[in-house]
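Enquirer: You'll find run-v2.cif just under this line, and it carries mmCIF, C-alpha atoms.
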data_model
loop_
_atom_site.label_atom_id
_atom_site.label_comp_id
_atom_site.auth_asym_id
_atom_site.auth_seq_id
_atom_site.Cartn_x
_atom_site.Cartn_y
_atom_site.Cartn_z
CA MET A 241 77.48 -27.90 -84.11
CA ALA A 242 74.23 -28.31 -86.01
CA MET A 243 76.11 -27.64 -89.23
CA ALA A 244 78.75 -30.24 -88.36
CA ALA A 245 76.04 -32.87 -87.91
CA LEU A 246 74.26 -31.80 -91.10
CA TRP A 247 77.41 -31.88 -93.23
CA THR A 248 78.62 -35.19 -91.80
CA GLY A 249 75.16 -36.68 -92.28
CA MET A 250 75.01 -35.62 -95.92
CA VAL A 251 78.48 -36.91 -96.75
CA VAL A 252 78.01 -40.23 -94.92
CA LEU A 253 74.56 -40.77 -96.49
CA SER A 254 76.04 -39.99 -99.91
CA PHE A 255 78.75 -42.59 -99.32
CA ALA A 256 76.21 -45.19 -98.19
CA PHE A 257 73.81 -44.52 -101.08
CA GLY A 258 76.71 -44.51 -103.54
CA LEU A 259 77.81 -47.91 -102.22
CA VAL A 260 74.32 -49.44 -102.32
CA ASN A 261 73.38 -47.94 -105.70
CA GLY A 262 76.79 -48.71 -107.21
CA LYS A 263 77.30 -45.04 -108.04
CA MET A 264 80.59 -44.47 -106.24
CA ASP A 265 82.33 -43.19 -109.38
CA ALA A 266 79.69 -40.53 -109.83
CA VAL A 267 79.81 -39.56 -106.13
CA SER A 268 83.57 -39.22 -106.30
CA ALA A 269 83.40 -37.01 -109.40
CA ALA A 270 80.54 -34.97 -107.89
CA ALA A 271 82.55 -34.17 -104.76
CA LEU A 272 85.29 -32.54 -106.80
CA GLU A 273 82.88 -30.84 -109.19
CA GLY A 274 80.79 -29.55 -106.30
CA ALA A 275 83.77 -27.85 -104.70
CA SER A 276 84.83 -26.08 -107.88
CA SER A 277 81.22 -25.19 -108.77
CA ALA A 278 81.02 -23.32 -105.44
CA ILE A 279 83.74 -20.94 -106.54
CA GLN A 280 82.20 -20.64 -110.02
CA LEU A 281 78.89 -19.77 -108.37
CA CYS A 282 80.55 -17.10 -106.21
CA LEU A 283 82.28 -15.57 -109.22
CA SER A 284 79.16 -15.47 -111.35
CA MET A 285 77.09 -14.10 -108.44
CA ALA A 286 79.65 -11.46 -107.55
CA GLY A 287 78.81 -8.81 -110.13
CA VAL A 288 75.06 -8.66 -109.52
CA LEU A 289 75.43 -8.96 -105.77
CA CYS A 290 78.00 -6.15 -105.57
CA LEU A 291 75.94 -3.90 -107.85
CA TRP A 292 72.83 -4.25 -105.68
CA SER A 293 74.76 -3.92 -102.45
CA GLY A 294 75.97 -0.63 -103.95
CA VAL A 295 72.42 0.47 -104.83
CA MET A 296 71.25 -0.41 -101.31
CA GLU A 297 74.06 1.71 -99.88
CA ILE A 298 72.96 4.67 -102.02
CA MET A 299 69.36 4.23 -100.82
CA ASN A 300 70.60 3.97 -97.27
CA ARG A 301 72.64 7.21 -97.53
CA CYS A 302 69.58 8.93 -99.03
CA GLY A 303 67.88 8.37 -95.68
CA MET A 304 65.55 5.73 -97.01
CA SER A 305 66.00 3.43 -94.04
CA ALA A 306 65.20 6.27 -91.63
CA LYS A 307 62.10 7.12 -93.66
CA LEU A 308 60.98 3.49 -93.77
CA ALA A 309 61.57 3.19 -90.03
CA ARG A 310 59.31 6.18 -89.43
CA ALA A 311 56.64 4.73 -91.71
CA PHE A 312 56.56 1.48 -89.75
CA ARG A 313 56.27 3.05 -86.30
CA PRO A 314 52.44 3.15 -86.10
CA LEU A 315 52.10 -0.43 -87.30
CA LEU A 316 54.70 -1.67 -84.81
CA GLN A 317 53.07 0.26 -81.98
CA ARG A 318 49.90 -1.71 -82.63
CA LEU A 319 51.74 -5.02 -83.01
CA LEU A 320 53.95 -4.61 -79.91
CA PRO A 321 52.05 -2.12 -77.72
CA ASN A 322 53.84 -2.87 -74.42
CA ALA A 323 57.38 -2.91 -75.75
CA CYS A 324 56.86 0.22 -77.85
CA ARG A 325 55.93 2.27 -74.81
CA ASP A 326 59.69 2.36 -74.34
CA ASP A 327 60.97 4.78 -76.96
CA ALA A 328 64.42 3.20 -77.37
CA THR A 329 62.81 -0.19 -78.04
CA LEU A 330 60.41 1.32 -80.57
CA SER A 331 63.19 2.97 -82.53
CA ALA A 332 65.36 -0.16 -82.45
CA VAL A 333 62.45 -2.33 -83.66
CA SER A 334 61.47 0.04 -86.46
CA ALA A 335 65.10 0.40 -87.59
CA ASN A 336 65.36 -3.41 -87.49
CA VAL A 337 62.30 -3.82 -89.72
CA SER A 338 63.46 -1.20 -92.23
CA ALA A 339 66.97 -2.69 -92.42
CA ASN A 340 65.38 -6.10 -93.10
CA LEU A 341 63.25 -4.59 -95.88
CA LEU A 342 66.34 -3.11 -97.53
CA GLY A 343 68.15 -6.42 -97.20
CA LEU A 344 70.78 -4.97 -94.85
CA GLY A 345 71.09 -8.12 -92.76
CA ASN A 346 74.32 -6.96 -91.11
CA ALA A 347 72.57 -3.86 -89.81
CA ALA A 348 69.26 -5.52 -88.97
CA THR A 349 70.50 -8.17 -86.56
CA PRO A 350 72.26 -5.92 -84.01
CA LEU A 351 69.24 -3.58 -83.97
CA GLY A 352 66.85 -6.49 -83.44
CA ILE A 353 69.04 -7.90 -80.69
CA GLN A 354 69.13 -4.53 -78.97
CA ALA A 355 65.32 -4.45 -78.97
CA ALA A 356 65.10 -8.09 -77.83
CA ARG A 357 67.44 -7.45 -74.88
CA ARG A 358 65.35 -4.52 -73.72
CA MET A 359 62.17 -6.55 -74.05
CA ALA A 360 63.67 -9.51 -72.14
CA ARG A 361 64.60 -7.43 -69.08
CA GLY A 362 63.05 -8.68 -65.84
CA GLN A 363 61.41 -11.68 -67.53
CA ASP A 364 63.59 -14.38 -65.89
CA GLY A 365 64.54 -15.93 -69.23
CA VAL A 366 60.93 -16.45 -70.33
CA ALA A 367 59.98 -14.95 -73.70
CA SER A 368 57.00 -12.60 -73.52
CA ASP A 369 54.27 -12.75 -76.17
CA GLU A 370 55.66 -9.62 -77.80
CA LEU A 371 59.23 -10.88 -77.83
CA CYS A 372 58.01 -14.04 -79.57
CA LEU A 373 56.28 -11.80 -82.14
CA LEU A 374 59.48 -9.81 -82.73
CA VAL A 375 61.52 -12.97 -83.29
CA VAL A 376 58.86 -14.47 -85.58
CA LEU A 377 58.87 -11.21 -87.54
CA ASN A 378 62.63 -11.59 -87.99
CA THR A 379 62.48 -15.27 -88.99
CA ALA A 380 60.08 -14.32 -91.79
CA SER A 381 61.45 -11.05 -93.01
CA ILE A 382 60.39 -9.31 -96.21
CA GLN A 383 62.98 -7.93 -98.64
CA LEU A 384 62.13 -5.21 -101.14
CA ILE A 385 64.94 -6.26 -103.50
CA PRO A 386 66.06 -9.87 -102.99
CA ALA A 387 69.54 -9.21 -104.42
CA THR A 388 71.21 -12.47 -103.39
CA ILE A 389 68.49 -14.59 -105.01
CA ALA A 390 68.56 -12.47 -108.16
CA SER A 391 72.32 -12.90 -108.37
CA VAL A 392 72.01 -16.69 -108.02
CA ARG A 393 69.38 -16.60 -110.79
CA ALA A 394 71.70 -14.49 -112.93
CA ALA A 395 74.53 -16.96 -112.29
CA ALA A 396 72.27 -19.81 -113.44
CA GLY A 397 71.55 -17.94 -116.67
CA ALA A 398 68.01 -16.65 -116.02
CA ALA A 399 66.57 -14.54 -118.85
CA SER A 400 65.45 -11.83 -116.43
CA PRO A 401 66.83 -12.47 -112.91
CA PHE A 402 64.58 -9.91 -111.20
CA ASP A 403 61.25 -11.07 -112.69
CA ILE A 404 60.54 -13.13 -109.55
CA VAL A 405 60.41 -10.03 -107.32
CA PRO A 406 56.58 -9.63 -107.20
CA ALA A 407 56.22 -13.35 -106.47
CA VAL A 408 58.76 -13.02 -103.63
CA TRP A 409 56.75 -10.12 -102.16
CA LEU A 410 53.50 -12.07 -102.29
CA ALA A 411 55.05 -15.19 -100.74
CA SER A 412 56.74 -13.09 -98.03
CA VAL A 413 53.52 -11.33 -97.09
CA LEU A 414 51.68 -14.67 -96.87
CA SER A 415 54.50 -16.10 -94.75
CA VAL A 416 54.73 -13.14 -92.34
CA THR A 417 50.95 -13.03 -91.95
CA ALA A 418 50.80 -16.75 -91.19
CA GLY A 419 53.66 -16.48 -88.68
CA LEU A 420 52.16 -13.54 -86.79
CA THR A 421 48.69 -15.10 -86.78
CA ALA A 422 50.11 -18.38 -85.47
CA ALA A 423 52.05 -16.51 -82.78
CA LYS A 424 48.90 -14.65 -81.66
CA ILE A 425 46.80 -17.82 -81.53
CA LEU A 426 49.47 -19.93 -79.83
CA ALA A 427 50.10 -17.18 -77.25
CA ARG A 428 46.48 -17.35 -76.15
CA PHE A 429 46.68 -21.13 -75.99
CA SER A 430 49.93 -21.25 -74.01
CA ARG A 431 48.57 -18.74 -71.53
CA ARG A 432 45.49 -20.86 -70.94
CA ILE A 433 47.45 -24.00 -70.04
CA SER A 434 49.98 -22.32 -67.76
CA MET B 135 58.99 -4.39 -123.81
CA SER B 136 57.89 -6.17 -120.64
CA PRO B 137 57.26 -4.17 -117.46
CA SER B 138 59.86 -6.21 -115.60
CA ALA B 139 62.49 -5.06 -118.11
CA MET B 140 61.97 -1.55 -116.74
CA LEU B 141 62.67 -2.59 -113.17
CA VAL B 142 66.47 -2.71 -113.14
CA PRO B 143 67.33 0.31 -115.34
CA GLY B 144 64.45 2.30 -113.81
CA LEU B 145 65.54 1.56 -110.26
CA LEU B 146 69.16 2.45 -111.03
CA ALA B 147 68.20 5.74 -112.69
CA ALA B 148 65.66 6.69 -110.00
CA THR B 149 68.07 5.91 -107.17
CA ALA B 150 70.84 7.94 -108.80
CA ILE B 151 68.60 10.97 -109.39
CA ILE B 152 67.12 10.93 -105.88
CA ALA B 153 70.61 10.57 -104.41
CA LEU B 154 71.99 13.45 -106.49
CA TRP B 155 69.06 15.62 -105.49
CA ARG B 156 69.78 14.83 -101.84
CA ARG B 157 73.45 15.64 -102.43
CA VAL B 158 74.62 12.11 -101.73
CA ASP B 159 77.90 11.07 -103.35
CA VAL B 160 76.25 8.53 -105.66
CA TYR B 161 79.39 6.95 -107.01
CA GLY B 162 81.16 6.82 -103.65
CA ALA B 163 78.14 5.13 -102.06
CA LEU B 164 77.85 2.68 -104.96
CA THR B 165 81.46 1.54 -104.73
CA ALA B 166 81.39 1.41 -100.93
CA GLY B 167 78.30 -0.80 -101.09
CA ALA B 168 79.80 -2.96 -103.81
CA GLY B 169 82.84 -3.51 -101.58
CA GLU B 170 80.46 -4.58 -98.82
CA GLY B 171 78.92 -7.06 -101.27
CA LEU B 172 82.35 -8.51 -101.91
CA THR B 173 82.88 -8.95 -98.17
CA ILE B 174 79.59 -10.84 -97.88
CA LEU B 175 80.62 -13.07 -100.77
CA LEU B 176 84.03 -13.72 -99.26
CA ARG B 177 82.33 -14.75 -96.03
CA ILE B 178 79.92 -17.23 -97.65
CA ALA B 179 82.41 -18.68 -100.16
CA PRO B 180 84.08 -21.16 -97.77
CA ALA B 181 80.67 -22.39 -96.57
CA LEU B 182 79.53 -22.80 -100.18
CA VAL B 183 82.61 -24.90 -101.00
CA GLY B 184 81.77 -27.29 -98.17
CA LEU B 185 78.05 -27.37 -98.81
CA LEU B 186 78.05 -27.60 -102.60
CA THR B 187 80.47 -30.53 -102.30
CA ALA B 188 78.05 -32.29 -99.96
CA VAL B 189 75.00 -31.38 -102.08
CA ALA B 190 76.62 -32.61 -105.32
CA MET B 191 77.60 -35.90 -103.64
CA PHE B 192 74.12 -36.21 -102.18
CA ARG B 193 72.55 -35.82 -105.61
CA ALA B 194 75.00 -38.10 -107.44
CA SER B 195 74.56 -40.92 -104.92
CA GLY B 196 70.80 -41.02 -105.42
CA ALA B 197 70.15 -39.94 -101.80
CA MET B 198 68.55 -36.70 -103.05
CA ASP B 199 66.00 -38.64 -105.13
CA TRP B 200 65.21 -40.82 -102.16
CA LEU B 201 64.64 -37.76 -99.97
CA SER B 202 62.55 -36.05 -102.65
CA GLY B 203 60.46 -39.17 -103.13
CA LEU B 204 59.52 -39.40 -99.44
CA CYS B 205 56.90 -36.67 -99.55
CA ALA B 206 56.28 -36.42 -103.28
CA PRO B 207 52.52 -37.18 -103.24
CA LEU B 208 51.82 -34.63 -100.49
CA LEU B 209 53.99 -31.96 -102.11
CA GLU B 210 52.45 -32.42 -105.54
CA ARG B 211 49.02 -31.81 -104.07
CA LEU B 212 50.35 -28.43 -102.82
CA GLY B 213 51.82 -27.67 -106.26
CA ILE B 214 55.38 -27.98 -104.96
CA PRO B 215 57.71 -30.05 -107.19
CA ALA B 216 59.23 -32.98 -105.28
CA ASP B 217 62.74 -31.77 -106.18
CA LEU B 218 62.28 -28.92 -103.70
CA MET B 219 61.99 -31.20 -100.65
CA PRO B 220 65.73 -30.98 -99.77
CA LEU B 221 65.58 -27.19 -100.06
CA MET B 222 62.66 -26.96 -97.64
CA LEU B 223 64.43 -29.24 -95.16
CA ILE B 224 67.67 -27.24 -95.11
CA ARG B 225 66.14 -23.74 -95.37
CA PRO B 226 65.37 -23.19 -91.64
CA ILE B 227 68.76 -24.60 -90.58
CA SER B 228 71.41 -23.07 -92.84
CA GLY B 229 71.36 -20.01 -95.06
CA SER B 230 74.37 -20.93 -97.19
CA GLY B 231 73.20 -24.55 -97.28
CA ALA B 232 69.86 -23.40 -98.70
CA LEU B 233 71.70 -21.22 -101.20
CA ALA B 234 73.77 -24.25 -102.26
CA VAL B 235 70.73 -26.53 -102.64
CA GLY B 236 68.71 -23.79 -104.34
CA SER B 237 71.40 -22.95 -106.88
CA GLU B 238 71.77 -26.67 -107.62
CA ILE B 239 68.00 -26.88 -108.33
CA MET B 240 68.15 -23.79 -110.56
CA LYS B 241 71.08 -25.30 -112.45
CA THR B 242 69.53 -28.74 -113.00
CA SER B 243 65.90 -27.66 -113.64
CA GLY B 244 66.77 -24.36 -115.30
CA PRO B 245 66.36 -20.94 -113.61
CA ASP B 246 63.24 -20.10 -115.63
CA SER B 247 61.52 -23.46 -115.11
CA TYR B 248 58.64 -23.80 -112.66
CA ALA B 249 60.79 -25.66 -110.10
CA GLY B 250 63.67 -23.20 -110.56
CA ARG B 251 61.40 -20.22 -109.99
CA VAL B 252 59.70 -21.73 -106.94
CA ALA B 253 63.15 -22.46 -105.48
CA ALA B 254 64.19 -18.83 -105.98
CA VAL B 255 60.98 -17.46 -104.44
CA MET B 256 61.31 -19.83 -101.47
CA LEU B 257 64.87 -18.60 -100.88
CA GLY B 258 63.74 -14.99 -101.11
CA SER B 259 60.66 -15.20 -98.91
CA THR B 260 61.96 -17.23 -95.96
CA GLU B 261 64.77 -16.90 -93.45
CA THR B 262 67.20 -19.16 -91.60
CA THR B 263 64.65 -19.65 -88.82
CA PHE B 264 66.61 -21.67 -86.26
CA TYR B 265 69.72 -19.54 -86.65
CA THR B 266 67.70 -16.34 -86.13
CA ILE B 267 65.90 -17.74 -83.07
CA ALA B 268 69.21 -18.91 -81.58
CA VAL B 269 70.89 -15.53 -82.15
CA TYR B 270 68.03 -13.43 -80.74
CA PHE B 271 67.19 -15.52 -77.71
CA GLY B 272 70.85 -16.23 -77.03
CA ALA B 273 71.66 -12.53 -76.94
CA ALA B 274 68.58 -11.70 -74.86
CA GLY B 275 69.23 -14.50 -72.36
CA ILE B 276 65.92 -16.24 -73.02
CA THR B 277 65.74 -19.95 -72.20
CA ARG B 278 61.97 -20.53 -72.42
CA THR B 279 61.09 -19.72 -76.03
CA ARG B 280 57.41 -20.81 -75.60
CA HIS B 281 55.52 -20.75 -78.91
CA THR B 282 58.22 -19.01 -80.99
CA ILE B 283 59.47 -22.10 -82.85
CA PRO B 284 56.03 -23.47 -83.88
CA ALA B 285 54.92 -19.99 -84.98
CA ALA B 286 58.14 -19.38 -86.96
CA LEU B 287 57.86 -22.78 -88.63
CA THR B 288 54.24 -21.99 -89.54
CA ALA B 289 55.58 -18.90 -91.31
CA ASP B 290 58.17 -21.02 -93.16
CA LEU B 291 55.55 -23.57 -94.20
CA MET B 292 53.24 -20.83 -95.46
CA GLY B 293 56.25 -19.28 -97.23
CA PHE B 294 56.90 -22.57 -99.07
CA VAL B 295 53.29 -23.14 -100.09
CA GLY B 296 52.92 -19.43 -100.87
CA SER B 297 56.01 -19.50 -103.10
CA ALA B 298 54.49 -22.20 -105.31
CA LEU B 299 51.20 -20.29 -105.33
CA ALA B 300 52.87 -16.97 -106.18
CA VAL B 301 54.88 -18.48 -109.04
CA ARG B 302 51.69 -20.04 -110.44
CA ILE B 303 49.90 -16.68 -110.20
CA PHE B 304 52.68 -14.66 -111.86
CA PHE B 305 54.10 -17.19 -114.34
CA GLY B 306 51.59 -20.07 -114.69
CA SER B 307 52.74 -23.62 -113.95
#
What is this structure when it is put down as structure tokens?

Expert:
Amino acid sequence: MAMAALWTGMVVLSFAFGLVNGKMDAVSAAALEGASSAIQLCLSMAGVLCLWSGVMEIMNRCGMSAKLARAFRPLLQRLLPNACRDDATLSAVSANVSANLLGLGNAATPLGIQAARRMARGQDGVASDELCLLVVLNTASIQLIPATIASVRAAAGAASPFDIVPAVWLASVLSVTAGLTAAKILARFSRRIS
Amino acid sequence: MSPSAMLVPGLLAATAIIALWRRVDVYGALTAGAGEGLTILLRIAPALVGLLTAVAMFRASGAMDWLSGLCAPLLERLGIPADLMPLMLIRPISGSGALAVGSEIMKTSGPDSYAGRVAAVMLGSTETTFYTIAVYFGAAGITRTRHTIPAALTADLMGFVGSALAVRIFFGS
């Protein structure tokens, strides 16, 4: 429903601004161009996106996600000490983080949900501090190879679509750190007032 | 030869060799994954048709400029071009919407311009926050989300400011 409101809002605002600014001709042309540019974008993204999805699949079959999951275990045990006492939760969380790193969104979400359900048991619908941390971690995930973004850059004619990768890593690390720090601080605060 | 020119061929060669060494069917895995990529694309294509239509109308009507102008002075102080305001607004709400707005920015400003690069880094370093929160807490049966939303939005905000910072560090402004 949120998307319905967003889309309607954009279209209605465009109509209103077009009317007030006397740009209705341009708005009308843009609507048709926008629709066909969506398909052009998909076509020009397709090659790069499919290639990297293929590379990710190779890495996955090489056991890279399992290896990454193992590497993250100690860190996650420190971040979520209570939840990770349960072995099934620990392995779901670490598999979730490694799938996110490899950009395997389809695999990451079910694993994360599995962990979240285990962590939510017996909490009467109230999110624990650690469950909040897990969700924040997933709303700010880091990708090793941001394939979708590179394919959009390639579609737009970038000279070297992957040159932004180090910048993406830096920005992701800053973002995740800020999110986790905020969650830790706010958890202390919300405990004090309740 | 720039070091980033090595990245793609190097990664392809290294992955193939490691996979062969581990007796993985390299070509089979590649084509299976590529098929998966096509499925993803097929799933986002209808959303992109709807959203790029709306975004193009929004820009042509002058509404985009109005929205960008709202916070321009504040954004410029953070080194974020005002054109990126619509992207930051839609990013936490809709993944394909952000992709539509971001690709529009890359097209109009140029993918290798400062604004185009910051848009790409923003897309790569943040997630569809509200969607993720809804999916996780919905599935886990959580109704009191406590401090999750403010903390996740802090991460997004830092991701936006950090994107501009990272692009300045790696490419200059």

Enquirer: CA of Gly419 in chain A to CA of Pro284 in chain B: how many Å, to one decimal?

Expert: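 Interatomic distance here is 8.8 Å.
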
Enquirer: Since I can't run it myself right now, could you work out what the PyMOL selection byres ((chain A and resi 396) around 7) selects here and report it as number ranges by chain?

Expert: A: 392-395, 397-398; B: 240-241, 245

Enquirer: Spell out the residues picked by the PyMOL selection byres ((chain B) within 6 of (chain A)) here, as a ChimeraX atom specification.

Expert: /B:138,153,163-165,167-168,171,182-183,186-188,190-192,194-195,197,241,245-246,255,258-261,263,270,274-279,282,285-286,288-289,292-293,296-297,300-301

Enquirer: Rounded to one decimal in Å, what is the spacing between CA of Ala234 in chain B and CA of Asp199 in chain B?

Expert: 16.6 Å
